[in-house]
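Next comes upload-v2.txt, with compact mmCIF, C-alpha atoms.
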# COMPACT_ATOMS: atom_id res chain seq x y z
CA MET O 1 131.54 170.73 192.32
CA LYS O 2 133.92 168.53 190.34
CA PHE O 3 135.17 165.24 191.80
CA TYR O 4 136.62 161.93 190.72
CA ASP O 5 134.23 159.09 191.47
CA ILE O 6 135.21 155.75 192.97
CA ASP O 7 136.24 154.49 189.51
CA GLY O 8 138.41 157.55 188.82
CA ILE O 9 135.96 159.17 186.38
CA LEU O 10 135.71 162.96 186.56
CA ARG O 11 132.17 164.05 187.45
CA GLU O 12 130.48 167.36 188.11
CA GLN O 13 127.70 167.78 190.64
CA GLN O 14 125.80 171.00 191.26
CA GLY O 15 122.90 170.32 193.57
CA SER O 16 120.55 172.72 195.33
CA GLN O 17 122.55 172.31 198.54
CA ASP O 18 125.74 173.53 196.82
CA ARG O 19 123.95 176.58 195.41
CA PHE O 20 122.36 177.35 198.78
CA PHE O 21 125.63 177.34 200.74
CA ARG O 22 127.45 179.24 198.00
CA PHE O 23 124.83 181.99 198.34
CA ILE O 24 124.83 181.94 202.17
CA TYR O 25 128.60 182.06 202.57
CA GLY O 26 129.14 184.35 199.60
CA HIS O 27 127.61 187.45 201.22
CA MET O 28 128.54 189.21 204.45
CA LEU O 29 124.90 189.85 205.39
CA THR O 30 123.80 186.22 204.98
CA ARG O 31 126.88 185.00 206.88
CA ALA O 32 125.92 187.28 209.76
CA PHE O 33 122.32 185.99 209.61
CA ILE O 34 123.31 182.32 210.02
CA SER O 35 125.87 182.98 212.76
CA PRO O 36 123.52 182.03 215.66
CA PHE O 37 122.68 178.73 213.94
CA LEU O 38 126.34 177.66 213.88
CA ARG O 39 126.49 177.39 217.66
CA PRO O 40 126.15 174.07 219.55
CA TRP O 41 122.60 174.75 220.79
CA PHE O 42 121.21 174.67 217.25
CA SER O 43 122.88 171.38 216.34
CA LYS O 44 121.78 169.87 219.65
CA LEU O 45 118.20 171.00 218.96
CA GLY O 46 118.36 169.52 215.47
CA GLY O 47 119.80 166.32 216.93
CA ARG O 48 116.85 165.93 219.29
CA PHE O 49 114.44 166.19 216.39
CA MET O 50 116.45 163.64 214.36
CA ASP O 51 116.28 161.27 217.36
CA SER O 52 112.48 161.48 217.44
CA ARG O 53 110.21 158.81 215.98
CA PHE O 54 108.50 161.50 213.89
CA SER O 55 111.74 162.05 211.93
CA ALA O 56 111.65 158.48 210.58
CA ARG O 57 109.05 159.53 207.99
CA PHE O 58 111.76 161.48 206.09
CA ILE O 59 113.94 158.41 205.51
CA PRO O 60 112.40 157.05 202.24
CA LYS O 61 112.57 160.42 200.46
CA PHE O 62 116.16 160.97 201.64
CA ILE O 63 117.21 157.58 200.25
CA ARG O 64 115.62 158.32 196.87
CA LYS O 65 116.97 161.87 196.60
CA ASN O 66 120.55 160.87 197.39
CA GLY O 67 120.58 157.58 195.48
CA ILE O 68 121.67 155.51 198.49
CA ASP O 69 122.17 151.80 197.80
CA MET O 70 120.68 150.19 200.91
CA THR O 71 121.77 146.67 199.88
CA SER O 72 125.20 147.45 201.42
CA PHE O 73 123.68 148.02 204.87
CA GLU O 74 122.11 145.86 207.55
CA LYS O 75 118.44 145.37 206.77
CA ARG O 76 116.18 146.43 209.63
CA GLU O 77 113.51 148.94 210.62
CA PHE O 78 114.79 152.37 211.69
CA TYR O 79 113.05 154.07 214.62
CA SER O 80 114.37 157.60 213.84
CA PHE O 81 116.28 159.50 211.16
CA ASN O 82 119.47 159.39 213.24
CA ASP O 83 119.06 155.65 213.66
CA PHE O 84 119.03 155.40 209.87
CA PHE O 85 121.81 157.96 209.39
CA THR O 86 124.18 156.00 211.65
CA ARG O 87 123.26 152.66 210.05
CA ARG O 88 125.85 149.89 210.14
CA ILE O 89 127.34 148.49 206.96
CA LYS O 90 127.35 144.76 206.20
CA THR O 91 130.63 143.10 207.12
CA ASP O 92 131.27 141.94 203.55
CA ALA O 93 130.25 145.22 201.83
CA ARG O 94 133.65 146.90 202.20
CA PRO O 95 136.43 144.29 201.68
CA LEU O 96 139.76 145.22 203.25
CA PRO O 97 143.14 144.91 201.51
CA ASP O 98 145.20 141.81 202.28
CA ALA O 99 148.50 143.67 202.73
CA GLU O 100 148.93 144.56 206.40
CA ASN O 101 150.83 147.75 205.53
CA ALA O 102 148.09 149.01 203.20
CA LEU O 103 146.87 152.48 204.12
CA PHE O 104 143.12 152.41 203.54
CA SER O 105 140.31 154.90 203.98
CA PRO O 106 138.68 154.79 207.43
CA CYS O 107 135.32 155.89 206.01
CA ASP O 108 133.27 156.69 202.90
CA ALA O 109 134.20 160.22 201.84
CA TYR O 110 135.67 162.68 199.35
CA LEU O 111 139.46 162.61 199.79
CA SER O 112 142.04 165.40 199.56
CA VAL O 113 145.77 164.68 200.10
CA LEU O 114 147.52 167.74 201.53
CA PRO O 115 151.28 168.01 202.16
CA LEU O 116 152.43 169.72 205.34
CA GLY O 117 154.56 172.52 203.99
CA GLU O 118 156.79 175.12 205.57
CA GLY O 119 155.54 176.27 208.93
CA LEU O 120 153.42 173.12 209.24
CA ARG O 121 150.80 174.63 206.93
CA PHE O 122 148.37 172.90 204.61
CA THR O 123 145.90 174.34 202.14
CA VAL O 124 142.29 173.20 201.66
CA LYS O 125 141.14 174.60 198.32
CA HIS O 126 142.17 178.26 198.71
CA THR O 127 142.22 178.42 202.51
CA GLU O 128 145.50 177.97 204.41
CA TYR O 129 145.65 176.28 207.80
CA SER O 130 148.34 175.80 210.42
CA LEU O 131 148.55 172.32 211.97
CA SER O 132 149.27 173.84 215.38
CA GLU O 133 146.09 175.96 215.12
CA PHE O 134 144.11 172.94 213.98
CA LEU O 135 145.36 170.72 216.84
CA ARG O 136 145.72 173.58 219.38
CA ASP O 137 149.02 171.93 220.37
CA LYS O 138 152.29 173.34 218.99
CA GLU O 139 154.55 170.66 220.49
CA LEU O 140 152.43 167.83 219.07
CA SER O 141 152.19 169.42 215.63
CA GLU O 142 155.98 169.88 215.35
CA ARG O 143 156.42 166.09 215.41
CA PHE O 144 154.65 165.93 212.02
CA LEU O 145 156.93 168.31 210.11
CA GLY O 146 157.08 167.23 206.46
CA GLY O 147 154.14 164.87 206.89
CA THR O 148 150.83 164.46 205.09
CA VAL O 149 147.22 165.41 205.88
CA LEU O 150 144.47 163.16 204.52
CA LEU O 151 141.22 165.10 204.62
CA LEU O 152 138.13 162.90 204.20
CA ARG O 153 134.95 164.95 203.80
CA LEU O 154 131.74 163.00 204.34
CA ALA O 155 128.62 164.09 202.47
CA VAL O 156 125.09 163.29 203.64
CA GLN O 157 124.79 160.22 201.37
CA HIS O 158 127.88 158.52 202.82
CA TYR O 159 128.17 155.82 205.48
CA HIS O 160 128.69 157.85 208.67
CA ARG O 161 130.75 155.51 210.82
CA TYR O 162 134.55 155.60 210.79
CA HIS O 163 137.23 153.07 211.66
CA PHE O 164 140.86 152.56 212.64
CA ILE O 165 143.29 151.86 209.79
CA ASP O 166 145.74 149.69 211.78
CA ASP O 167 146.35 147.85 215.03
CA GLY O 168 147.53 150.06 217.85
CA GLU O 169 146.76 152.07 220.97
CA ILE O 170 145.36 155.49 221.78
CA VAL O 171 148.09 157.63 223.36
CA CYS O 172 145.83 160.55 224.25
CA GLU O 173 142.50 162.15 223.30
CA TYR O 174 141.03 165.62 223.71
CA ARG O 175 138.18 167.74 222.37
CA ILE O 176 138.22 171.27 220.99
CA PRO O 177 134.89 173.13 221.29
CA GLY O 178 133.83 175.36 218.45
CA PHE O 179 131.25 176.18 215.81
CA PHE O 180 129.33 173.96 213.40
CA HIS O 181 129.92 175.42 209.95
CA THR O 182 128.92 173.22 207.06
CA VAL O 183 131.93 171.42 205.52
CA GLN O 184 130.71 172.20 201.99
CA PRO O 185 133.55 173.69 199.87
CA ALA O 186 131.57 176.93 199.53
CA ALA O 187 131.97 177.54 203.28
CA ASN O 188 135.69 176.74 203.31
CA ASP O 189 136.22 179.35 200.59
CA ARG O 190 135.00 182.05 203.00
CA VAL O 191 135.83 180.93 206.56
CA PRO O 192 138.54 178.65 208.05
CA ILE O 193 136.05 175.94 209.02
CA TYR O 194 138.65 173.34 210.04
CA LYS O 195 140.10 175.81 212.55
CA GLU O 196 136.75 176.99 213.89
CA ASN O 197 134.59 173.84 213.99
CA THR O 198 134.25 171.46 216.95
CA ARG O 199 136.68 168.55 216.72
CA ALA O 200 137.85 165.45 218.58
CA VAL O 201 141.59 164.68 218.40
CA SER O 202 143.11 161.21 218.95
CA VAL O 203 146.86 160.62 218.98
CA LEU O 204 147.47 157.00 217.93
CA ARG O 205 150.49 154.68 218.04
CA THR O 206 150.06 152.18 215.20
CA ALA O 207 151.82 149.01 214.08
CA HIS O 208 152.63 150.00 210.48
CA PHE O 209 152.43 153.83 210.36
CA GLY O 210 153.96 154.81 213.68
CA GLU O 211 152.54 157.78 215.54
CA MET O 212 149.62 159.40 213.74
CA ILE O 213 146.60 161.58 214.44
CA GLN O 214 142.96 160.88 213.67
CA THR O 215 140.59 163.79 214.14
CA GLU O 216 136.83 164.00 213.69
CA VAL O 217 135.41 167.41 212.78
CA GLY O 218 131.79 168.26 213.48
CA ALA O 219 129.66 170.27 211.05
CA LEU O 220 126.26 171.90 210.64
CA LEU O 221 123.60 169.82 212.43
CA VAL O 222 126.25 167.33 213.64
CA GLY O 223 125.55 167.76 217.34
CA ARG O 224 127.43 164.62 218.30
CA ILE O 225 130.76 163.06 217.48
CA SER O 226 130.26 159.73 219.25
CA ASN O 227 133.57 157.96 219.81
CA ARG O 228 133.89 154.62 221.59
CA GLU O 229 135.93 154.50 224.82
CA LEU O 230 138.97 152.41 223.91
CA ARG O 231 142.62 152.14 224.88
CA THR O 232 143.77 149.64 222.26
CA PHE O 233 142.24 148.92 218.86
CA HIS O 234 142.46 146.56 215.90
CA ARG O 235 142.64 147.15 212.16
CA ALA O 236 139.21 148.17 210.76
CA GLU O 237 137.60 148.27 214.22
CA GLU O 238 134.91 150.93 214.50
CA LYS O 239 136.17 154.11 216.18
CA GLY O 240 132.91 156.03 216.26
CA ARG O 241 130.18 157.75 214.29
CA PHE O 242 128.77 161.12 213.24
CA GLU O 243 125.11 161.91 213.74
CA PHE O 244 123.08 163.83 211.14
CA GLY O 245 124.90 166.21 208.81
CA GLY O 246 128.07 166.39 206.75
CA SER O 247 131.35 165.98 208.60
CA THR O 248 135.06 165.25 208.18
CA VAL O 249 137.73 162.77 209.31
CA ILE O 250 141.32 164.01 209.13
CA LEU O 251 144.38 161.73 209.34
CA VAL O 252 147.82 163.24 209.91
CA LEU O 253 150.83 161.05 209.05
CA LYS O 254 154.49 161.66 209.79
CA LYS O 255 157.08 162.20 207.08
CA ASP O 256 157.74 158.99 205.08
CA ALA O 257 155.10 157.03 207.05
CA ALA O 258 153.33 156.01 203.83
CA GLU O 259 153.53 156.38 200.07
CA ILE O 260 150.22 157.67 198.69
CA LEU O 261 148.99 156.23 195.37
CA PRO O 262 149.55 158.51 192.33
CA GLU O 263 145.87 158.85 191.36
CA PHE O 264 145.03 160.48 194.70
CA LEU O 265 148.06 162.76 194.61
CA LYS O 266 147.22 163.83 191.05
CA ALA O 267 143.59 164.63 191.92
CA SER O 268 144.62 166.71 194.92
CA GLU O 269 147.26 168.58 192.90
CA GLU O 270 144.42 169.51 190.51
CA GLY O 271 142.37 170.73 193.48
CA ILE O 272 139.73 168.04 192.90
CA GLU O 273 138.41 165.63 195.55
CA HIS O 274 138.45 161.88 194.90
CA GLU O 275 135.61 159.75 196.21
CA VAL O 276 136.71 156.78 198.32
CA ARG O 277 135.02 154.16 200.45
CA PHE O 278 135.87 152.55 203.75
CA GLY O 279 138.58 150.02 202.78
CA THR O 280 139.76 151.81 199.60
CA VAL O 281 143.57 151.49 199.41
CA LEU O 282 145.13 154.97 199.52
CA GLY O 283 148.78 153.91 199.70
CA PHE O 284 151.25 151.70 201.55
CA GLY O 285 153.46 152.03 204.59
CA ARG O 286 157.12 152.48 203.71
This structure in C-alpha cells:
Amino acid sequence: MKFYDIDGILREQQGSQDRFFRFIYGHMLTRAFISPFLRPWFSKLGGRFMDSRFSARFIPKFIRKNGIDMTSFEKREFYSFNDFFTRRIKTDARPLPDAENALFSPCDAYLSVLPLGEGLRFTVKHTEYSLSEFLRDKELSERFLGGTVLLLRLAVQHYHRYHFIDDGEIVCEYRIPGFFHTVQPAANDRVPIYKENTRAVSVLRTAHFGEMIQTEVGALLVGRISNRELRTFHRAEEKGRFEFGGSTVILVLKKDAAEILPEFLKASEEGIEHEVRFGTVLGFGR
C-alpha cells in the first residue's frame, strides 16, 4: 500500500500480510472459508492465548519484524504478548500542542479525512458508508450533517492505546456487536467492514469542538475494546486500549467544528493514508 509517512514522504509498503489478505478477500471461496473465524469466539480464543505467559516468547521477533522503537515506551518486563501489545508510552514521547484549540490525533495510526456528503455518506477507499448505518442511530447521525469523519487505522506496529482530544464529558455510550474482519484495505475493498465490525460508540461534549463522536472499531483477533469507565475527561487522558490485532478509531466532527490542515486533506483526496502519531496536530477548532 502507499502512504505518507510522519514526515510527509510518500512510501510504498507491500508486506506478506497485505498479500495474504488481498488473496483471502479477493476470492469468494476463501471469503467463505474464513467466515467462521470472523466471529467473536475466535477472537476471544486468540485473546486467551495472547494473555498466556507462553505468548511472551513471540515478543522479540515481533519487535524486530515490525521495526518498533521501544525507547518510546516504558521499560519493563512483559508477562504476555497482550501485556506487551498494550504497553504504555512514556509521558514525554508524544508532546502535545500548546494551543488549546488544536485538534490532535488521539492515537498512532494511518489517517484518512472523509467529508460527510449528501445523505450523511462517507467513502473509505471505494466503499461507501452511511453514518446512520455506522452508528445505528439515525437521529444522532443527522446532527452531523456536513461534518467530517477522521478515520484512524491502527496497524500492528502502532501504540494501541487511545486518548481524548479535549476536556469534556461523555454524554452517552453504547456498543454494537458484530464481526471481526481485518481492517486491512484489502478487506474494505470487498466488504463494508466499518458497518459489520464490532464497535464502541461514545458521544462526547467537548470544550473546543462541541458535540463529537469517538468510536472504537474492533478487528481480526481484537477480542477486547477496553474502555475506562468515565463520566468526565481531560485533554490527552487515556480513553482505553485495543488488545492484539489491527483496529480503528473514528472521530466524527460537526460542520465547521475544526479546520483540517491541508496536507491531510490533500492526502485523503488522493486516496492515500497519512501516518500520524498520538499528539500530531491535524487542524484547529474554528
Find the residues near stretch 2-16 of chain O: any atom within 9 Å, counting all atoms listed in the file, skip ones fewer than 6 places away on the same chain, and give them as a short mmCIF file (atom, residue, chain, number, x, y, z; two decimals) with C-alpha atoms, in the frame of the given file.
data_model
loop_
_atom_site.label_atom_id
_atom_site.label_comp_id
_atom_site.auth_asym_id
_atom_site.auth_seq_id
_atom_site.Cartn_x
_atom_site.Cartn_y
_atom_site.Cartn_z
CA TYR O 110 135.67 162.68 199.35
CA GLU O 263 145.87 158.85 191.36
CA ALA O 267 143.59 164.63 191.92
CA ILE O 272 139.73 168.04 192.90
CA GLU O 273 138.41 165.63 195.55
CA HIS O 274 138.45 161.88 194.90
CA GLU O 275 135.61 159.75 196.21
CA VAL O 276 136.71 156.78 198.32
CA ARG O 277 135.02 154.16 200.45
CA THR O 280 139.76 151.81 199.60
#
query = Do you know which residues are at most 9 Å from stretch 139-150 of chain O counting all atoms listed in the file, after dropping those on the same chain fewer than 4 positions away, and could you put them as an MDAnalysis selection string?
reply = chainID O and resid 111:120 122 131:135 212 249:258
query = Which residue gives the smallest distance to O:Arg235 among O:Asp98, O:Asp51, O:Glu270, O:Glu196, with all atoms listed in the file counted?
reply =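 Of all the options, O:Asp98 lies closest to O:Arg235.
Nearest to O:Ile260 of all the residues O:Ala102, O:Ala207, O:Met1, O:Ile59 is O:Ala102, based on all atoms listed in the file.
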task = Place a sphere of radius 12 Å on (135.9, 144.7, 200.9) in the file coordinates and name every protein, DNA or RNA residue with an atom inside or on its surface, counting all atoms listed in the file; give the answer as a PyMOL selection string.
result = chain O and resi 72+89-98+104-105+236+277-281
ask   = atom CA of O:Lys65 to atom CA of O:Arg87: how many Å, to one decimal?
value =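 Atom CA of O:Lys65 sits 17.5 Å away from atom CA of O:Arg87.
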request  = Point out the residue among O:Arg205, O:Arg241, O:Arg231, O:Lys61 with the least atom-to-atom distance to O:Asp108, counting all atoms listed in the file.
outcome  = O:Arg241
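Across O:Leu152, O:Ala109, O:Leu204, O:Ile176, the tightest approach to O:Phe164 is made by O:Leu204 when counting all atoms listed in the file.
Relative to atom CA of O:Gly283, atom CA of O:Glu259 is found at 5.4 Å.
Proximity to O:Phe85 was assessed for O:Cys107, O:Leu261, O:Ala56, O:Ile165 counting only C-alpha atoms; the smallest distance is recorded for O:Ala56.
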message = What's the separation between atom CA of O:Lys239 and atom CA of O:His163, in Å to one decimal place?
response = 4.8 Å
Need the axis-aligned box for stretch 78-97 of chain O with 6 Å each side, so what are the centre and edges in Å to one decimal, as JSON?
{"center_x": 128.1, "center_y": 150.7, "center_z": 208.1, "size_x": 42.1, "size_y": 29.6, "size_z": 25.1}
query = When distances are computed from all atoms listed in the file, which of O:Arg64, O:Arg161, O:Lys138, O:Arg57 shows the smallest separation from O:Glu77?
reply =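 Comparing O:Arg64, O:Arg161, O:Lys138, O:Arg57 against O:Glu77, the winner is O:Arg57.
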Mind completing stretch 81-97 of chain O with N, CA and C atoms? Output as a CSV table (one decimal), in the coordinates of the input, please?
chain,number,residue,atom,x,y,z
O,81,PHE,N,115.4,159.2,212.3
O,81,PHE,CA,116.3,159.5,211.2
O,81,PHE,C,117.7,159.3,211.6
O,82,ASN,N,118.1,159.6,212.8
O,82,ASN,CA,119.5,159.4,213.2
O,82,ASN,C,119.8,157.9,213.3
O,83,ASP,N,118.8,157.1,213.7
O,83,ASP,CA,119.1,155.6,213.7
O,83,ASP,C,119.4,155.2,212.3
O,84,PHE,N,118.7,155.7,211.3
O,84,PHE,CA,119.0,155.4,209.9
O,84,PHE,C,120.4,156.0,209.5
O,85,PHE,N,120.6,157.2,209.8
O,85,PHE,CA,121.8,158.0,209.4
O,85,PHE,C,123.1,157.3,209.9
O,86,THR,N,123.0,156.7,211.1
O,86,THR,CA,124.2,156.0,211.6
O,86,THR,C,124.1,154.5,211.4
O,87,ARG,N,123.4,154.1,210.4
O,87,ARG,CA,123.3,152.7,210.0
O,87,ARG,C,124.6,152.0,209.9
O,88,ARG,N,124.6,150.7,210.3
O,88,ARG,CA,125.8,149.9,210.1
O,88,ARG,C,125.9,149.2,208.8
O,89,ILE,N,127.1,149.1,208.3
O,89,ILE,CA,127.3,148.5,207.0
O,89,ILE,C,127.5,147.0,207.1
O,90,LYS,N,127.1,146.2,206.1
O,90,LYS,CA,127.4,144.8,206.2
O,90,LYS,C,128.8,144.5,206.2
O,91,THR,N,129.2,143.4,206.9
O,91,THR,CA,130.6,143.1,207.1
O,91,THR,C,131.4,142.8,205.8
O,92,ASP,N,130.6,142.3,204.8
O,92,ASP,CA,131.3,141.9,203.6
O,92,ASP,C,131.1,143.0,202.5
O,93,ALA,N,130.5,144.2,202.8
O,93,ALA,CA,130.2,145.2,201.8
O,93,ALA,C,131.5,146.1,201.5
O,94,ARG,N,132.4,146.1,202.4
O,94,ARG,CA,133.6,146.9,202.2
O,94,ARG,C,134.9,146.0,202.5
O,95,PRO,N,135.3,145.2,201.5
O,95,PRO,CA,136.4,144.3,201.7
O,95,PRO,C,137.7,145.1,202.0
O,96,LEU,N,138.5,144.6,202.9
O,96,LEU,CA,139.8,145.2,203.2
O,96,LEU,C,140.9,144.6,202.5
O,97,PRO,N,142.0,145.4,202.2
O,97,PRO,CA,143.1,144.9,201.5
O,97,PRO,C,143.9,143.8,202.3
